[in-house]
>>> print(open('input15.cif').read())   # mmCIF, C-alpha atoms and all ligand atoms
data_model
#
loop_
_atom_site.label_atom_id
_atom_site.label_comp_id
_atom_site.auth_asym_id
_atom_site.auth_seq_id
_atom_site.Cartn_x
_atom_site.Cartn_y
_atom_site.Cartn_z
CA MET Q 84 -55.96 -65.45 -10.77
CA LYS Q 85 -54.38 -67.93 -8.38
CA ARG Q 86 -54.41 -66.98 -4.69
CA ARG Q 87 -50.62 -67.09 -4.50
CA ASP Q 88 -50.23 -64.70 -7.48
CA PHE Q 89 -52.76 -62.40 -5.93
CA LEU Q 90 -50.85 -62.25 -2.66
CA LYS Q 91 -47.57 -61.69 -4.50
CA ASN Q 92 -49.06 -58.84 -6.54
CA SER Q 93 -50.72 -57.37 -3.51
CA ALA Q 94 -47.44 -57.30 -1.62
CA ALA Q 95 -45.92 -55.38 -4.50
CA LEU Q 96 -48.91 -53.06 -4.54
CA MET Q 97 -48.47 -52.35 -0.86
CA ALA Q 98 -44.75 -51.74 -1.32
CA ALA Q 99 -45.65 -49.16 -3.97
CA SER Q 100 -48.30 -47.69 -1.72
CA ILE Q 101 -46.36 -47.35 1.49
CA LEU Q 102 -43.69 -44.96 0.22
CA PRO Q 103 -45.88 -41.93 -0.57
CA ILE Q 104 -47.79 -42.31 2.69
CA ASN Q 105 -44.54 -42.12 4.66
CA LEU Q 106 -43.33 -39.13 2.65
CA VAL Q 107 -46.52 -37.26 3.36
CA GLU Q 108 -46.42 -38.00 7.07
CA VAL Q 109 -43.10 -36.19 7.39
CA GLU Q 110 -44.65 -32.99 6.07
CA ALA Q 111 -47.86 -33.05 8.06
CA SER Q 112 -48.86 -32.83 11.65
CA GLU Q 113 -49.93 -36.21 12.91
CA GLU Q 114 -53.57 -35.46 13.58
CA GLN Q 115 -54.08 -34.08 10.06
CA SER Q 116 -52.42 -36.90 8.16
CA PHE Q 117 -54.54 -39.90 7.28
CA THR Q 118 -55.68 -42.06 4.40
CA PHE Q 119 -59.07 -42.97 3.03
CA ALA Q 120 -60.05 -44.90 -0.10
CA PHE Q 121 -62.38 -43.88 -2.94
CA ILE Q 122 -64.11 -46.51 -5.08
CA SER Q 123 -66.61 -45.36 -7.68
CA ASP Q 124 -68.84 -46.01 -10.68
CA ALA Q 125 -69.22 -49.80 -10.56
CA HIS Q 126 -72.30 -49.83 -12.85
CA LEU Q 127 -73.25 -53.35 -11.82
CA GLN Q 128 -75.86 -55.38 -13.62
CA GLN Q 129 -77.37 -58.46 -12.13
CA ILE Q 130 -77.62 -60.78 -15.11
CA LYS Q 131 -76.12 -64.21 -14.66
CA GLY Q 132 -73.84 -65.65 -17.32
CA ALA Q 133 -73.13 -62.59 -19.47
CA LYS Q 134 -69.40 -62.19 -19.94
CA PHE Q 135 -69.19 -58.39 -19.92
CA VAL Q 136 -71.32 -58.21 -16.77
CA GLN Q 137 -68.86 -60.42 -14.95
CA SER Q 138 -66.12 -58.08 -16.06
CA TRP Q 139 -67.87 -55.10 -14.35
CA ASP Q 140 -68.18 -57.24 -11.21
CA LYS Q 141 -64.49 -58.02 -11.29
CA GLY Q 142 -63.47 -54.36 -11.36
CA LEU Q 143 -65.35 -53.71 -8.13
CA LYS Q 144 -64.24 -56.97 -6.51
CA MET Q 145 -60.59 -56.22 -7.31
CA ALA Q 146 -60.93 -52.73 -5.82
CA VAL Q 147 -62.45 -54.15 -2.64
CA ALA Q 148 -59.78 -56.86 -2.31
CA GLN Q 149 -56.86 -54.46 -2.92
CA CYS Q 150 -58.36 -51.83 -0.65
CA ASN Q 151 -58.52 -54.38 2.17
CA LEU Q 152 -54.75 -54.88 1.77
CA LEU Q 153 -53.79 -51.21 2.11
CA ASP Q 154 -51.23 -50.64 4.84
CA PRO Q 155 -51.77 -48.46 6.77
CA LYS Q 156 -55.48 -49.22 6.61
CA PRO Q 157 -57.75 -46.52 5.23
CA ASP Q 158 -59.79 -44.75 7.92
CA PHE Q 159 -62.89 -45.17 5.75
CA VAL Q 160 -63.95 -45.91 2.17
CA ILE Q 161 -66.24 -43.64 0.18
CA PHE Q 162 -68.20 -45.19 -2.67
CA GLY Q 163 -68.71 -42.43 -5.23
CA GLY Q 164 -72.05 -43.35 -6.87
CA ASP Q 165 -73.35 -45.32 -9.87
CA LEU Q 166 -73.29 -48.60 -7.96
CA ALA Q 167 -76.13 -49.82 -10.23
CA GLN Q 168 -76.43 -49.52 -14.00
CA LEU Q 169 -80.21 -49.04 -14.31
CA GLY Q 170 -81.23 -48.30 -10.71
CA LYS Q 171 -82.69 -51.76 -10.07
CA LYS Q 172 -82.98 -53.10 -6.53
CA ALA Q 173 -81.26 -56.34 -7.61
CA GLU Q 174 -78.28 -54.34 -8.89
CA LEU Q 175 -78.02 -52.32 -5.69
CA ASP Q 176 -78.30 -55.49 -3.60
CA HIS Q 177 -75.57 -57.11 -5.64
CA GLY Q 178 -73.33 -54.06 -5.14
CA ALA Q 179 -74.03 -53.87 -1.41
CA GLU Q 180 -73.05 -57.52 -1.10
CA ILE Q 181 -69.68 -56.93 -2.81
CA LEU Q 182 -69.02 -53.77 -0.78
CA SER Q 183 -69.86 -55.61 2.46
CA ALA Q 184 -66.45 -57.33 2.19
CA LEU Q 185 -64.68 -54.01 2.84
CA ARG Q 186 -62.96 -54.00 6.22
CA ALA Q 187 -63.14 -50.24 6.73
CA PRO Q 188 -66.31 -48.20 7.41
CA VAL Q 189 -68.08 -47.40 4.12
CA LYS Q 190 -69.74 -44.10 3.25
CA MET Q 191 -72.07 -43.96 0.27
CA MET Q 192 -72.77 -41.36 -2.40
CA LEU Q 193 -75.62 -41.42 -4.92
CA GLY Q 194 -75.12 -41.43 -8.71
CA GLU Q 195 -77.68 -40.84 -11.47
CA HIS Q 196 -77.63 -44.56 -12.36
CA ASP Q 197 -78.83 -45.34 -8.82
CA PHE Q 198 -81.58 -42.73 -8.90
CA TYR Q 199 -83.64 -42.23 -12.05
CA LEU Q 200 -85.66 -45.47 -11.98
CA ASP Q 201 -87.39 -45.00 -8.60
CA LEU Q 202 -86.02 -41.54 -7.66
CA GLY Q 203 -83.68 -43.04 -5.10
CA GLU Q 204 -86.27 -44.99 -3.08
CA ALA Q 205 -84.39 -48.31 -3.01
CA TRP Q 206 -81.00 -46.62 -2.58
CA MET Q 207 -82.14 -44.49 0.37
CA LYS Q 208 -83.73 -47.49 2.09
CA MET Q 209 -80.40 -49.30 1.88
CA PHE Q 210 -77.90 -46.51 2.43
CA GLY Q 211 -79.69 -43.56 4.10
CA ASP Q 212 -79.57 -39.85 3.26
CA PRO Q 213 -78.05 -38.84 -0.08
CA TYR Q 214 -76.40 -35.76 1.46
CA TYR Q 215 -74.71 -35.41 4.85
CA SER Q 216 -71.51 -34.29 6.53
CA PHE Q 217 -69.06 -35.54 9.15
CA ASP Q 218 -65.83 -34.53 10.86
CA HIS Q 219 -62.71 -36.64 10.79
CA LYS Q 220 -59.31 -35.77 12.32
CA GLY Q 221 -59.70 -32.02 11.96
CA VAL Q 222 -61.19 -32.15 8.43
CA HIS Q 223 -64.85 -31.42 7.66
CA PHE Q 224 -66.26 -33.80 5.02
CA VAL Q 225 -69.43 -33.06 3.01
CA VAL Q 226 -71.23 -35.54 0.75
CA LEU Q 227 -73.56 -33.85 -1.76
CA ASN Q 228 -76.25 -35.17 -4.04
CA SER Q 229 -75.29 -33.33 -7.23
CA ILE Q 230 -77.35 -35.34 -9.74
CA LEU Q 231 -80.73 -33.65 -9.22
CA VAL Q 232 -82.62 -32.08 -12.13
CA ASP Q 233 -85.79 -29.97 -12.54
CA GLU Q 234 -89.05 -31.52 -11.30
CA GLY Q 235 -90.57 -30.78 -14.72
CA TRP Q 236 -88.10 -33.10 -16.43
CA ILE Q 237 -88.59 -35.83 -13.81
CA ASN Q 238 -92.38 -35.78 -14.09
CA LYS Q 239 -92.64 -35.72 -17.86
CA TRP Q 240 -91.77 -39.42 -18.16
CA LYS Q 241 -94.61 -41.97 -18.08
CA ASP Q 242 -92.30 -44.96 -17.90
CA PRO Q 243 -89.63 -44.76 -15.15
CA MET Q 244 -87.35 -47.09 -17.13
CA ASP Q 245 -87.49 -44.71 -20.13
CA ARG Q 246 -86.40 -41.94 -17.76
CA MET Q 247 -83.60 -44.11 -16.38
CA ARG Q 248 -82.34 -45.21 -19.79
CA THR Q 249 -82.35 -41.64 -21.09
CA MET Q 250 -80.30 -40.42 -18.14
CA ALA Q 251 -77.99 -43.43 -18.48
CA GLY Q 252 -76.98 -42.46 -22.04
CA LEU Q 253 -73.78 -40.44 -22.03
CA ASP Q 254 -74.78 -38.14 -24.88
CA ASP Q 255 -78.58 -38.52 -24.99
CA PRO Q 256 -79.94 -35.08 -25.96
CA ASN Q 257 -83.20 -35.85 -24.08
CA GLY Q 258 -81.40 -35.88 -20.70
CA SER Q 259 -81.25 -32.89 -18.37
CA PRO Q 260 -78.32 -31.06 -16.77
CA PHE Q 261 -77.51 -31.97 -13.15
CA MET Q 262 -77.69 -29.60 -10.22
CA VAL Q 263 -77.28 -29.53 -6.44
CA GLY Q 264 -80.41 -27.40 -6.12
CA LYS Q 265 -81.54 -24.58 -3.85
CA LYS Q 266 -82.65 -26.71 -0.87
CA GLN Q 267 -79.30 -28.48 -0.62
CA ARG Q 268 -77.30 -25.29 -1.18
CA GLU Q 269 -79.12 -23.78 1.81
CA TRP Q 270 -78.33 -26.89 3.85
CA LEU Q 271 -74.66 -26.60 2.81
CA ARG Q 272 -74.52 -22.94 3.81
CA LYS Q 273 -75.91 -23.78 7.29
CA ASP Q 274 -73.71 -26.85 7.66
CA LEU Q 275 -70.56 -24.84 6.95
CA ALA Q 276 -71.54 -21.85 9.10
CA LYS Q 277 -70.18 -23.61 12.22
CA TYR Q 278 -66.66 -23.88 10.80
CA SER Q 279 -63.85 -21.34 10.65
CA ASP Q 280 -62.16 -20.36 7.38
CA GLU Q 281 -59.10 -22.34 8.49
CA THR Q 282 -60.93 -25.70 8.67
CA PRO Q 283 -59.92 -27.97 5.79
CA ILE Q 284 -63.02 -28.97 3.79
CA VAL Q 285 -63.34 -32.07 1.58
CA VAL Q 286 -66.49 -32.25 -0.57
CA PHE Q 287 -67.59 -35.44 -2.33
CA SER Q 288 -69.94 -35.05 -5.30
CA HIS Q 289 -70.91 -37.48 -8.03
CA SER Q 290 -70.85 -34.97 -10.90
CA PRO Q 291 -68.05 -32.38 -11.08
CA LEU Q 292 -68.82 -29.15 -9.20
CA GLN Q 293 -67.23 -27.37 -12.15
CA LYS Q 294 -68.50 -27.07 -15.71
CA ILE Q 295 -66.66 -29.31 -18.14
CA TYR Q 296 -68.97 -30.48 -20.93
CA LYS Q 297 -72.75 -30.11 -20.86
CA GLY Q 298 -73.35 -32.46 -23.77
CA TRP Q 299 -72.18 -35.41 -21.67
CA ASN Q 300 -73.38 -34.05 -18.31
CA PHE Q 301 -69.78 -33.65 -17.14
CA TRP Q 302 -71.48 -30.69 -15.56
CA THR Q 303 -73.36 -29.28 -12.56
CA ASP Q 304 -75.64 -26.40 -13.49
CA ASP Q 305 -75.27 -24.51 -10.20
CA ALA Q 306 -71.53 -25.28 -9.85
CA GLU Q 307 -70.59 -21.58 -9.49
CA GLU Q 308 -73.13 -21.07 -6.71
CA VAL Q 309 -71.75 -24.06 -4.78
CA GLN Q 310 -68.19 -22.80 -5.37
CA LYS Q 311 -69.25 -19.43 -3.94
CA ILE Q 312 -70.47 -21.07 -0.72
CA LEU Q 313 -67.12 -22.89 -0.42
CA SER Q 314 -64.94 -19.92 -1.40
CA ARG Q 315 -64.36 -18.43 2.08
CA PHE Q 316 -62.44 -21.53 3.21
CA LYS Q 317 -58.68 -21.53 2.64
CA LYS Q 318 -58.40 -25.24 1.89
CA VAL Q 319 -61.22 -26.85 -0.07
CA ASN Q 320 -60.93 -30.13 -1.98
CA VAL Q 321 -63.70 -31.44 -4.21
CA ILE Q 322 -63.44 -35.10 -5.27
CA TYR Q 323 -65.95 -36.36 -7.82
CA GLY Q 324 -66.88 -39.49 -9.75
CA HIS Q 325 -69.09 -39.77 -12.85
CA VAL Q 326 -66.49 -38.82 -15.46
CA HIS Q 327 -64.65 -42.20 -15.36
CA GLN Q 328 -61.28 -40.55 -16.02
CA ILE Q 329 -58.56 -38.61 -14.23
CA GLN Q 330 -59.03 -34.85 -14.15
CA TYR Q 331 -57.71 -32.16 -11.83
CA ASN Q 332 -58.02 -28.43 -11.52
CA LYS Q 333 -58.04 -25.50 -9.15
CA ILE Q 334 -60.48 -22.58 -9.03
CA GLY Q 335 -59.68 -20.04 -6.30
CA ASN Q 336 -58.96 -22.03 -3.15
CA ILE Q 337 -60.86 -25.08 -4.41
CA ALA Q 338 -58.81 -28.00 -5.71
CA PHE Q 339 -60.72 -30.49 -7.86
CA ASN Q 340 -59.84 -34.15 -8.39
CA SER Q 341 -61.85 -36.79 -10.19
CA VAL Q 342 -61.70 -40.57 -9.73
CA MET Q 343 -61.69 -43.53 -12.09
CA SER Q 344 -64.50 -46.05 -12.50
CA THR Q 345 -64.10 -49.73 -11.62
CA ALA Q 346 -66.15 -50.56 -14.75
CA TRP Q 347 -64.99 -48.67 -17.86
CA PRO Q 348 -63.20 -45.44 -18.84
CA TRP Q 349 -64.99 -42.65 -20.70
CA PRO Q 350 -62.89 -40.94 -23.34
CA TYR Q 351 -61.81 -37.37 -22.67
CA PRO Q 352 -64.51 -35.26 -24.34
CA ASP Q 353 -62.10 -33.16 -26.37
CA THR Q 354 -60.66 -36.28 -28.00
CA TYR Q 355 -63.75 -36.38 -30.19
CA LEU Q 356 -65.39 -33.01 -29.93
CA LYS Q 357 -63.95 -29.65 -30.76
CA ALA Q 358 -66.12 -26.57 -30.90
CA LYS Q 359 -65.47 -22.88 -30.67
CA ASN Q 360 -65.40 -21.33 -27.20
CA GLU Q 361 -66.25 -24.55 -25.41
CA VAL Q 362 -63.94 -25.97 -22.77
CA TYR Q 363 -63.92 -29.72 -22.41
CA LEU Q 364 -61.23 -30.29 -19.83
CA PRO Q 365 -60.22 -28.47 -16.66
CA LYS Q 366 -57.18 -26.48 -17.69
CA MET Q 367 -54.64 -28.20 -15.43
CA THR Q 368 -55.52 -31.74 -16.45
CA VAL Q 369 -52.86 -33.75 -18.26
CA LYS Q 370 -54.69 -36.48 -20.13
CA MET Q 371 -53.81 -40.06 -19.32
CA ASN Q 372 -52.21 -41.88 -22.18
CA ARG Q 373 -54.66 -44.53 -23.32
CA ALA Q 374 -51.97 -46.67 -24.91
CA ASP Q 375 -54.02 -49.83 -25.16
CA PRO Q 376 -57.59 -49.16 -26.27
CA PHE Q 377 -58.23 -52.89 -26.77
CA PHE Q 378 -57.53 -53.71 -23.12
CA GLU Q 379 -60.99 -53.25 -21.66
CA ARG Q 380 -59.72 -52.58 -18.15
CA ASP Q 381 -57.35 -49.82 -19.27
CA ALA Q 382 -57.86 -46.60 -17.27
CA THR Q 383 -60.15 -48.24 -14.72
CA GLY Q 384 -59.38 -48.82 -11.05
CA TRP Q 385 -59.75 -47.26 -7.64
CA GLN Q 386 -57.84 -44.76 -5.54
CA PHE Q 387 -56.56 -44.12 -2.08
CA VAL Q 388 -56.33 -40.56 -0.88
CA ASN Q 389 -53.85 -39.08 1.56
CA VAL Q 390 -54.96 -36.03 3.48
CA ALA Q 391 -52.08 -33.96 4.78
CA SER Q 392 -52.09 -30.30 5.82
CA GLY Q 393 -55.74 -30.15 4.77
CA ARG Q 394 -55.01 -31.01 1.11
CA VAL Q 395 -55.53 -34.27 -0.74
CA ASP Q 396 -53.07 -36.37 -2.74
CA MET Q 397 -54.77 -38.80 -5.11
CA HIS Q 398 -53.20 -42.22 -5.66
CA TYR Q 399 -54.74 -43.92 -8.66
CA ILE Q 400 -54.41 -47.71 -8.63
CA LEU Q 401 -54.61 -48.94 -12.22
CA PRO Q 402 -55.31 -52.54 -13.31
CA ASN Q 403 -51.62 -53.31 -13.92
CA ASN Q 404 -50.92 -52.08 -10.37
CA THR Q 405 -49.22 -48.88 -11.44
CA ASN Q 406 -49.75 -46.16 -8.90
CA ARG Q 407 -50.25 -42.83 -10.67
CA VAL Q 408 -50.26 -39.87 -8.29
CA VAL Q 409 -51.83 -36.44 -8.57
CA LYS Q 410 -50.28 -34.72 -5.57
CA TYR Q 411 -51.19 -31.40 -4.05
CA ASP Q 412 -47.93 -29.46 -4.35
CA LEU Q 413 -47.84 -27.04 -1.40
CA THR Q 414 -45.07 -24.94 -2.95
CA LYS Q 415 -47.01 -24.43 -6.22
CA ASN Q 416 -50.32 -24.38 -4.30
CA ARG Q 417 -52.12 -26.62 -6.79
CA PRO Q 418 -52.53 -30.28 -7.81
CA VAL Q 419 -49.72 -31.62 -9.99
CA ASP Q 420 -49.29 -34.87 -11.90
CA THR Q 421 -46.23 -36.59 -10.41
CA LYS Q 422 -45.97 -39.13 -13.24
CA TYR Q 423 -44.49 -42.43 -12.09
CA GLN Q 424 -41.91 -41.08 -9.66
CA ASP Q 425 -42.85 -43.24 -6.69
CA CYS Q 426 -44.15 -46.23 -8.54
CA GLN Q 427 -42.94 -49.80 -8.66
CA ILE Q 428 -44.49 -51.83 -11.42
CA PRO Q 429 -45.23 -55.42 -10.43
CA PRO Q 430 -46.36 -58.08 -12.91
CA GLN Q 431 -49.84 -57.55 -14.29
CA ILE Q 432 -52.86 -58.97 -12.55
CA HIS Q 433 -54.69 -61.15 -15.08
CA TYR Q 434 -58.44 -60.93 -15.27
FE FE Q 501 -70.65 -43.62 -13.84
FE FE Q 502 -72.73 -40.96 -13.20
#
>>> encode(input="input15.cif", output="C-alpha cells")
Amino acid sequence: MKRRDFLKNSAALMAASILPINLVEVEASEEQSFTFAFISDAHLQQIKGAKFVQSWDKGLKMAVAQCNLLDPKPDFVIFGGDLAQLGKKAELDHGAEILSALRAPVKMMLGEHDFYLDLGEAWMKMFGDPYYSFDHKGVHFVVLNSILVDEGWINKWKDPMDRMRTMAGLDDPNGSPFMVGKKQREWLRKDLAKYSDETPIVVFSHSPLQKIYKGWNFWTDDAEEVQKILSRFKKVNVIYGHVHQIQYNKIGNIAFNSVMSTAWPWPYPDTYLKAKNEVYLPKMTVKMNRADPFFERDATGWQFVNVASGRVDMHYILPNNTNRVVKYDLTKNRPVDTKYQDCQIPPQIHY
C-alpha cells in the first residue's frame, strides 16, 4: 500500500473511531472513561520468503500502525497471547520487534503457542510474569495465565517440540484442557481482597473463562471456580483471545468479550459440529457473517476498547476498516451487537 493511501484510509478510520468515543464520554464520569487497545493472536513464524508467513506479519503490522493512529490515544495496549506459532525464541523476538513500534505502553499476556516448547522460559525472560494486576483510572485490571495444564501431561512428552505441536493443533485429541490452576486462583483471591464490590474489574485471559467447546480447547477447566471468585463484584468484564472470533456473553455480573486474531479466523465451532447437549457458543453471541471465505484476512483484525462506567465497549477493527461494535448496553445490562450503526466504510486497505 502506498503511504498516501494509508494516510487517507487511516484518516477515515479515525473518523469512524472518534464518534463512539465521544458518545461514551457523555455518559461516563471523566475519570472512569478511557480507551485501551487489544491486539492478539499474531502466531508469527520467523521463516524468510514464505508468502503465508509474510501475511501473518502484515496482520500484526497493520494493527500496530492503525493503533498508533487512534485519536484519542489508547492509555495502553494489551497483547493477548500467541505471539509465536511454535514457541521459538526467534518468533518471540520477531514479535517483540514489531510490537516495539507501538507508541503506547504495552502489557503482555501469555498464550499456549508461546509456552509449550520451553514452558514459557523465553517468554518470561522477555516479558516478565505471566500473571499480574494493576490499577488504572479507578478500574482494577487482572492478567491471568489461563493456559496451564496438569503436570502429568506436561512431563509425559520426551520431545518438547512434539508437546508444542500437539498443543498447537486446534482439534488434536492428544492435547489437554487448559486451566488457571489452584496456585493462581489463590493469588487472585488475595489480589482482589483489597477491593470493594463496587470497584470495576477487567480480567484479561488467553482462553475463555467460560466453557465453550472442549474439543478445541475453547475452554478453561476451572472456569466456574474463577467466576466464583469474581462473582461478588458488581461490574466484571472478562476479555479473552485464543478463539480468533467475536463472541460475547454474560454470566451473573460477569460480561465476556472475545477478540479477533491478527493472523486468521477460526470458524465458529457449531458451524461444523453439532452434538446433543453440547453448547458451542455463548448464548448471546451473534455470529459474524463470513461472507468472503476466500479472502484470507476476513474476520481478522484488532480492537480498541472503551471503558465507561466500569463496563467495556468493544470496537472491532476489521481489515476493510469497518468498525463493528459490541457495546455494553447499560439499560439492558448486557453486551449487545450494535451492527454498523456508527460505522463509516472507507475504501479497502489492500494487502
Ligand atoms: Fe491463537
Ligand atoms: Fe491460543
>>> closest_atom_pairs(input="input15.cif", of="stretch 256-298 of chain Q", to="stretch 361-382 of chain Q", cutoff="12 Å", atoms="only C-alpha atoms", output="CSV")
residue,atom,partner,partner_atom,distance
Q:Pro291,CA,Q:Pro365,CA,10.4
Q:Leu292,CA,Q:Pro365,CA,11.4
Q:Gln293,CA,Q:Pro365,CA,8.4
Q:Lys294,CA,Q:Pro365,CA,8.5
Q:Ile295,CA,Q:Tyr363,CA,5.1
Q:Tyr296,CA,Q:Tyr363,CA,5.3
Q:Lys297,CA,Q:Tyr363,CA,9.0
Q:Gly298,CA,Q:Tyr363,CA,9.9
>>> write_last_selection(input="input15.cif", atoms="C-alpha atoms", output="tab-separated table (two decimals), in the frame of the given file")
chain	number	residue	atom	x	y	z
Q	291	PRO	CA	-68.05	-32.38	-11.08
Q	292	LEU	CA	-68.82	-29.15	-9.20
Q	293	GLN	CA	-67.23	-27.37	-12.15
Q	294	LYS	CA	-68.50	-27.07	-15.71
Q	295	ILE	CA	-66.66	-29.31	-18.14
Q	296	TYR	CA	-68.97	-30.48	-20.93
Q	297	LYS	CA	-72.75	-30.11	-20.86
Q	298	GLY	CA	-73.35	-32.46	-23.77
>>> residues_around(input="input15.cif", residues="stretch 311-319 of chain Q", least_positions_apart="6", cutoff="6 Å", atoms="all atoms listed in the file", output="PDB file with C-alpha atoms, in the frame of the given file")
ATOM      1  CA  ASP Q 280     -62.160 -20.360   7.380  1.00  0.00           C
ATOM      2  CA  GLU Q 281     -59.100 -22.340   8.490  1.00  0.00           C
ATOM      3  CA  PRO Q 283     -59.920 -27.970   5.790  1.00  0.00           C
ATOM      4  CA  ILE Q 284     -63.020 -28.970   3.790  1.00  0.00           C
ATOM      5  CA  VAL Q 285     -63.340 -32.070   1.580  1.00  0.00           C
ATOM      6  CA  ASN Q 336     -58.960 -22.030  -3.150  1.00  0.00           C
ATOM      7  CA  ILE Q 337     -60.860 -25.080  -4.410  1.00  0.00           C
TER       8      ILE Q 337
END
>>> residues_near_point(input="input15.cif", point="(-58.5, -38.5, 0.4)", cutoff="12 Å", atoms="all atoms listed in the file", output="VMD selection string")
chain Q and resid 104 115 to 122 157 to 161 219 222 to 224 283 to 287 319 to 323 339 to 342 385 to 399 409 to 411
>>> closest_residue(input="input15.cif", among="Q:Ser183, Q:Asn238, Q:Gln330, Q:Thr345", to="ligand FE 501 (chain Q)", atoms="only C-alpha atoms and all ligand atoms")
Q:Thr345
>>> closest_residue(input="input15.cif", among="Q:Leu143, Q:Val189, Q:Val419, Q:Met247", to="Q:Ala338", atoms="all atoms listed in the file")
Q:Val419
>>> residues_near_ligand(input="input15.cif", ligand="ligand FE 502 (chain Q)", cutoff="9 Å", atoms="only C-alpha atoms and all ligand atoms", output="PyMOL selection string")
chain Q and resi 124+126+164-165+193-197+230+251+253+289-290+300-301+324-327
>>> closest_residue(input="input15.cif", among="Q:Gln129, Q:Pro155, Q:Ser123, Q:Lys220", to="Q:Met192", atoms="only C-alpha atoms")
Q:Ser123
>>> atom_distance(input="input15.cif", atom1="atom CA of Q:Gln328", atom2="atom CA of Q:Ser288")
14.8 Å
>>> atom_distance(input="input15.cif", atom1="atom CA of Q:Gln267", atom2="atom CA of Q:Thr249")
24.5 Å
>>> residues_around(input="input15.cif", residues="Q:Asp233", least_positions_apart="6", cutoff="9 Å", atoms="all atoms listed in the file", output="PyMOL selection string")
chain Q and resi 259-262+264
>>> closest_residue(input="input15.cif", among="Q:Pro418, Q:Gly384, Q:Gly178, Q:Pro348", to="ligand FE 501 (chain Q)", atoms="all atoms listed in the file")
Q:Pro348
>>> closest_residue(input="input15.cif", among="Q:Val226, Q:Leu275, Q:Leu202, Q:Ala173", to="Q:Arg246", atoms="only C-alpha atoms")
Q:Leu202
>>> closest_residue(input="input15.cif", among="Q:Leu169, Q:Lys266, Q:Asp176, Q:Val225", to="ligand FE 501 (chain Q)", atoms="only C-alpha atoms and all ligand atoms")
Q:Leu169
>>> atom_distance(input="input15.cif", atom1="atom CA of Q:Gly170", atom2="atom CA of Q:Tyr331")
28.5 Å
>>> residues_around(input="input15.cif", residues="Q:Trp240", least_positions_apart="3", cutoff="12 Å", atoms="all atoms listed in the file", output="PyMOL selection string")
chain Q and resi 199-201+234-237+243-250+257-258
